>>> print(open('final-v8.cif').read())   # mmCIF, C-alpha atoms (C1' of nucleotides)
data_model
#
loop_
_atom_site.group_PDB
_atom_site.id
_atom_site.type_symbol
_atom_site.label_atom_id
_atom_site.label_comp_id
_atom_site.auth_asym_id
_atom_site.auth_seq_id
_atom_site.Cartn_x
_atom_site.Cartn_y
_atom_site.Cartn_z
ATOM 1 C CA MET A 1 52.809 176.229 207.059
ATOM 2 C CA GLN A 2 51.003 178.535 204.719
ATOM 3 C CA GLN A 3 48.488 179.730 207.253
ATOM 4 C CA GLN A 4 49.631 183.235 206.598
ATOM 5 C CA ASN A 5 49.366 184.514 203.081
ATOM 6 C CA ASP A 6 51.926 187.190 203.655
ATOM 7 C CA PHE A 7 55.505 186.184 203.110
ATOM 8 C CA PHE A 8 56.563 188.108 206.179
ATOM 9 C CA GLU A 9 53.990 186.476 208.438
ATOM 10 C CA CYS A 10 55.085 183.132 207.152
ATOM 11 C CA VAL A 11 58.677 183.908 208.048
ATOM 12 C CA TYR A 12 57.673 185.028 211.512
ATOM 13 C CA GLU A 13 55.757 181.823 211.994
ATOM 14 C CA VAL A 14 58.866 179.764 211.300
ATOM 15 C CA VAL A 15 61.193 181.879 213.410
ATOM 16 C CA ARG A 16 58.760 181.661 216.292
ATOM 17 C CA GLN A 17 59.128 177.893 216.243
ATOM 18 C CA ILE A 18 62.861 177.999 216.772
ATOM 19 C CA PRO A 19 63.421 176.195 220.098
ATOM 20 C CA PHE A 20 65.405 177.796 222.899
ATOM 21 C CA GLY A 21 69.117 177.390 222.500
ATOM 22 C CA LYS A 22 68.862 176.767 218.773
ATOM 23 C CA VAL A 23 69.413 178.911 215.707
ATOM 24 C CA THR A 24 68.596 178.737 212.025
ATOM 25 C CA THR A 25 69.507 180.456 208.802
ATOM 26 C CA TYR A 26 67.743 182.769 206.406
ATOM 27 C CA GLY A 27 68.218 180.334 203.599
ATOM 28 C CA SER A 28 66.649 177.471 205.534
ATOM 29 C CA ILE A 29 63.606 179.553 206.299
ATOM 30 C CA ALA A 30 63.317 180.661 202.704
ATOM 31 C CA LYS A 31 63.688 177.097 201.567
ATOM 32 C CA TYR A 32 61.070 175.966 204.032
ATOM 33 C CA LEU A 33 58.707 178.533 202.565
ATOM 34 C CA GLY A 34 59.460 177.277 199.087
ATOM 35 C CA ALA A 35 61.385 180.393 198.158
ATOM 36 C CA SER A 36 64.942 179.137 198.441
ATOM 37 C CA LYS A 37 66.122 182.006 196.304
ATOM 38 C CA SER A 38 64.436 184.576 198.481
ATOM 39 C CA ALA A 39 66.708 184.310 201.484
ATOM 40 C CA ARG A 40 67.340 187.971 201.028
ATOM 41 C CA THR A 41 63.679 188.750 201.442
ATOM 42 C CA VAL A 42 63.663 186.674 204.620
ATOM 43 C CA GLY A 43 66.330 188.934 206.008
ATOM 44 C CA TYR A 44 64.274 191.899 205.019
ATOM 45 C CA ALA A 45 61.331 190.370 206.845
ATOM 46 C CA MET A 46 63.511 190.205 209.925
ATOM 47 C CA ASN A 47 63.903 193.916 209.675
ATOM 48 C CA ALA A 48 60.160 194.279 210.052
ATOM 49 C CA ALA A 49 60.182 191.484 212.610
ATOM 50 C CA HIS A 50 61.583 193.989 215.015
ATOM 51 C CA ALA A 51 57.966 194.951 215.686
ATOM 52 C CA LYS A 52 57.159 191.348 216.546
ATOM 53 C CA PRO A 53 58.270 190.532 220.116
ATOM 54 C CA ASP A 54 57.476 186.879 219.527
ATOM 55 C CA VAL A 55 59.979 186.713 216.703
ATOM 56 C CA PRO A 56 63.474 185.924 218.028
ATOM 57 C CA ALA A 57 65.336 187.451 215.116
ATOM 58 C CA HIS A 58 68.589 186.999 217.000
ATOM 59 C CA ARG A 59 68.246 183.254 216.461
ATOM 60 C CA VAL A 60 68.407 183.784 212.738
ATOM 61 C CA VAL A 61 71.801 184.160 211.118
ATOM 62 C CA ASN A 62 73.302 183.577 207.721
ATOM 63 C CA ARG A 63 74.411 180.153 206.571
ATOM 64 C CA ILE A 64 77.846 180.389 208.163
ATOM 65 C CA GLY A 65 76.503 181.454 211.550
ATOM 66 C CA LEU A 66 77.716 184.997 211.168
ATOM 67 C CA LEU A 67 75.741 187.701 212.948
ATOM 68 C CA THR A 68 75.317 189.780 209.841
ATOM 69 C CA GLY A 69 72.258 191.576 211.182
ATOM 70 C CA LYS A 70 73.570 192.610 214.555
ATOM 71 C CA HIS A 71 73.694 196.222 213.464
ATOM 72 C CA HIS A 72 69.964 196.210 213.032
ATOM 73 C CA PHE A 73 69.308 195.533 216.693
ATOM 74 C CA ALA A 74 68.938 198.111 219.406
ATOM 75 C CA GLY A 75 72.624 197.785 220.223
ATOM 76 C CA ILE A 76 75.578 196.508 218.265
ATOM 77 C CA ASN A 77 76.077 193.740 220.825
ATOM 78 C CA THR A 78 72.408 193.098 221.545
ATOM 79 C CA MET A 79 72.157 190.151 219.186
ATOM 80 C CA GLN A 80 75.343 188.577 220.495
ATOM 81 C CA GLN A 81 74.303 189.041 224.102
ATOM 82 C CA LEU A 82 70.923 187.458 223.456
ATOM 83 C CA LEU A 83 72.574 184.450 221.873
ATOM 84 C CA GLU A 84 75.135 184.146 224.625
ATOM 85 C CA ALA A 85 72.292 184.266 227.126
ATOM 86 C CA GLU A 86 70.942 181.159 225.435
ATOM 87 C CA GLY A 87 74.205 179.328 225.870
ATOM 88 C CA HIS A 88 75.719 180.038 222.466
ATOM 89 C CA VAL A 89 79.340 180.904 221.997
ATOM 90 C CA ILE A 90 79.985 183.936 219.826
ATOM 91 C CA LEU A 91 83.463 184.650 218.603
ATOM 92 C CA ASN A 92 84.217 187.500 216.260
ATOM 93 C CA ASP A 93 80.491 187.897 215.518
ATOM 94 C CA GLN A 94 80.278 184.265 214.565
ATOM 95 C CA ILE A 95 78.483 181.394 216.301
ATOM 96 C CA GLN A 96 80.878 178.641 217.317
ATOM 97 C CA GLN A 97 79.773 175.054 216.729
ATOM 98 C CA PHE A 98 77.061 176.452 214.535
ATOM 99 C CA ASP A 99 76.194 173.047 213.099
ATOM 100 C CA ALA A 100 75.605 171.769 216.632
ATOM 101 C CA VAL A 101 73.022 174.424 217.476
ATOM 102 C CA PHE A 102 71.532 174.687 214.038
ATOM 103 C CA TRP A 103 67.812 173.973 213.906
ATOM 104 C CA ASN A 104 66.314 172.899 210.630
ATOM 105 C CA PRO A 105 62.678 174.022 210.153
ATOM 106 C CA ASN A 106 62.160 171.190 207.732
ATOM 107 C CA ALA A 107 62.960 168.654 210.408
ATOM 108 C "C1'" DC B 1 56.646 205.299 187.763
ATOM 109 C "C1'" DG B 2 61.466 203.318 187.597
ATOM 110 C "C1'" DG B 3 65.420 202.045 189.710
ATOM 111 C "C1'" DC B 4 68.527 201.172 193.781
ATOM 112 C "C1'" DT B 5 69.224 198.799 198.092
ATOM 113 C "C1'" DG B 6 69.318 195.220 201.516
ATOM 114 C "C1'" DA B 7 69.845 190.560 208.081
ATOM 115 C "C1'" DC B 8 71.273 185.833 201.728
ATOM 116 C "C1'" DG B 9 72.343 181.914 198.914
ATOM 117 C "C1'" DT B 10 73.614 179.466 194.895
ATOM 118 C "C1'" DA B 11 75.426 178.876 190.377
ATOM 119 C "C1'" DA B 12 78.627 179.906 187.078
ATOM 120 C "C1'" DC B 13 83.159 181.367 185.291
ATOM 121 C "C1'" DT C 1 89.695 177.551 194.737
ATOM 122 C "C1'" DG C 2 88.256 182.539 194.602
ATOM 123 C "C1'" DT C 3 85.481 185.962 192.583
ATOM 124 C "C1'" DT C 4 81.446 187.636 190.040
ATOM 125 C "C1'" DA C 5 76.767 187.625 188.746
ATOM 126 C "C1'" DC C 6 72.018 186.868 189.449
ATOM 127 C "C1'" DG C 7 67.441 185.935 191.678
ATOM 128 C "C1'" DC C 8 63.876 187.257 194.932
ATOM 129 C "C1'" DC C 9 60.555 190.588 197.415
ATOM 130 C "C1'" DA C 10 59.519 194.757 199.511
ATOM 131 C "C1'" DG C 11 60.473 199.456 200.837
ATOM 132 C "C1'" DC C 12 62.331 203.948 199.766
ATOM 133 C "C1'" DC C 13 64.282 207.855 196.854
#
>>> encode(input="final-v8.cif", output="structure tokens")
Amino acid sequence: MQQQNDFFECVYEVVRQIPFGKVTTYGSIAKYLGASKSARTVGYAMNAAHAKPDVPAHRVVNRIGLLTGKHHFAGINTMQQLLEAEGHVILNDQIQQFDAVFWNPNA
DNA sequence: CGGCTGACGTAAC
DNA sequence: TGTTACGCCAGCC
């Protein structure tokens, strides 16, 4: 959806659509936006997403399900706790059965 | 104004 | 099969 002209807003729009109990990756979002090589920028957008309560940034991880951005949350374990509260299993900062809970924006 | 950095991912060697 | 390099966009020094 290109309703928003801003790359950031576009990212937020996708993240907002992540259903409860599901997660996605930066790369998938970037790819969905047509900027498959800009996964990095997506992550950067997440940084600003902190100001957007509607944007569940904790549901966005890297392609291997690793909570790479946990340090950017209020607390080191905030991201993990949020995910666990949604029924996810986090082990060593990594989502277990990641492929099972992965949500593809393109689908 | 230029260059470095960063929640990533993919390709190439 | 493991490591290195690069692209992309925006913010900050």
>>> residues_around(input="final-v8.cif", residues="Lys70 (chain A)", least_positions_apart="6", cutoff="10 Å", atoms="all atoms listed in the file", output="list in words")
Ala57, His58, Val61, Ile76, Asn77, Thr78, Met79, Gln80 and Asp93 of chain A; DA7 of chain B
>>> atom_distance(input="final-v8.cif", atom1="CA of Lys22 (chain A)", atom2="CA of Lys52 (chain A)")
18.8 Å
>>> interface_residues(input="final-v8.cif", of="chain C", to="chain A", cutoff="7 Å", atoms="all atoms listed in the file", output="ChimeraX atom specification")
/C:7-9
>>> resolve_selection(input="final-v8.cif", expression="the PyMOL selection byres ((chain B) within 9 of (chain A))", output="list in words")
DG6, DA7, DC8, DG9 and DT10 of chain B
>>> residues_near_point(input="final-v8.cif", point="(70.5, 182.5, 225.8)", cutoff="10 Å", atoms="all atoms listed in the file", output="PDB file with C-alpha atoms, in the coordinates of the input")
ATOM      1  CA  PHE A  20      65.405 177.796 222.899  1.00  0.00           C
ATOM      2  CA  GLY A  21      69.117 177.390 222.500  1.00  0.00           C
ATOM      3  CA  LYS A  22      68.862 176.767 218.773  1.00  0.00           C
ATOM      4  CA  ARG A  59      68.246 183.254 216.461  1.00  0.00           C
ATOM      5  CA  GLN A  80      75.343 188.577 220.495  1.00  0.00           C
ATOM      6  CA  GLN A  81      74.303 189.041 224.102  1.00  0.00           C
ATOM      7  CA  LEU A  82      70.923 187.458 223.456  1.00  0.00           C
ATOM      8  CA  LEU A  83      72.574 184.450 221.873  1.00  0.00           C
ATOM      9  CA  GLU A  84      75.135 184.146 224.625  1.00  0.00           C
ATOM     10  CA  ALA A  85      72.292 184.266 227.126  1.00  0.00           C
ATOM     11  CA  GLU A  86      70.942 181.159 225.435  1.00  0.00           C
ATOM     12  CA  GLY A  87      74.205 179.328 225.870  1.00  0.00           C
ATOM     13  CA  HIS A  88      75.719 180.038 222.466  1.00  0.00           C
ATOM     14  CA  VAL A  89      79.340 180.904 221.997  1.00  0.00           C
TER      15      VAL A  89
END
>>> atom_distance(input="final-v8.cif", atom1="CA of Gln96 (chain A)", atom2="CA of Thr24 (chain A)")
13.4 Å
>>> resolve_selection(input="final-v8.cif", expression="the PyMOL selection byres ((chain B and resi 5) around 10)", output="PyMOL selection string")
(chain B and resi 3-4+6) or (chain C and resi 11-12)
>>> residues_near_point(input="final-v8.cif", point="(56.3, 183.2, 215.4)", cutoff="8 Å", atoms="only C-alpha atoms (C1' of nucleotides)", output="number ranges by chain")
A: 11-17, 54-55
>>> resolve_selection(input="final-v8.cif", expression="the PyMOL selection byres ((chain B and resi 11-13) around 9)", output="list in words")
DT10 of chain B; DT3, DT4, DA5 and DC6 of chain C
>>> atom_distance(input="final-v8.cif", atom1="CA of Pro53 (chain A)", atom2="CA of Lys31 (chain A)")
23.5 Å
>>> closest_residue(input="final-v8.cif", among="A:Ile18, A:Cys10, A:Leu33, A:Ala48", to="DA10 (chain C)", atoms="all atoms listed in the file")
A:Ala48
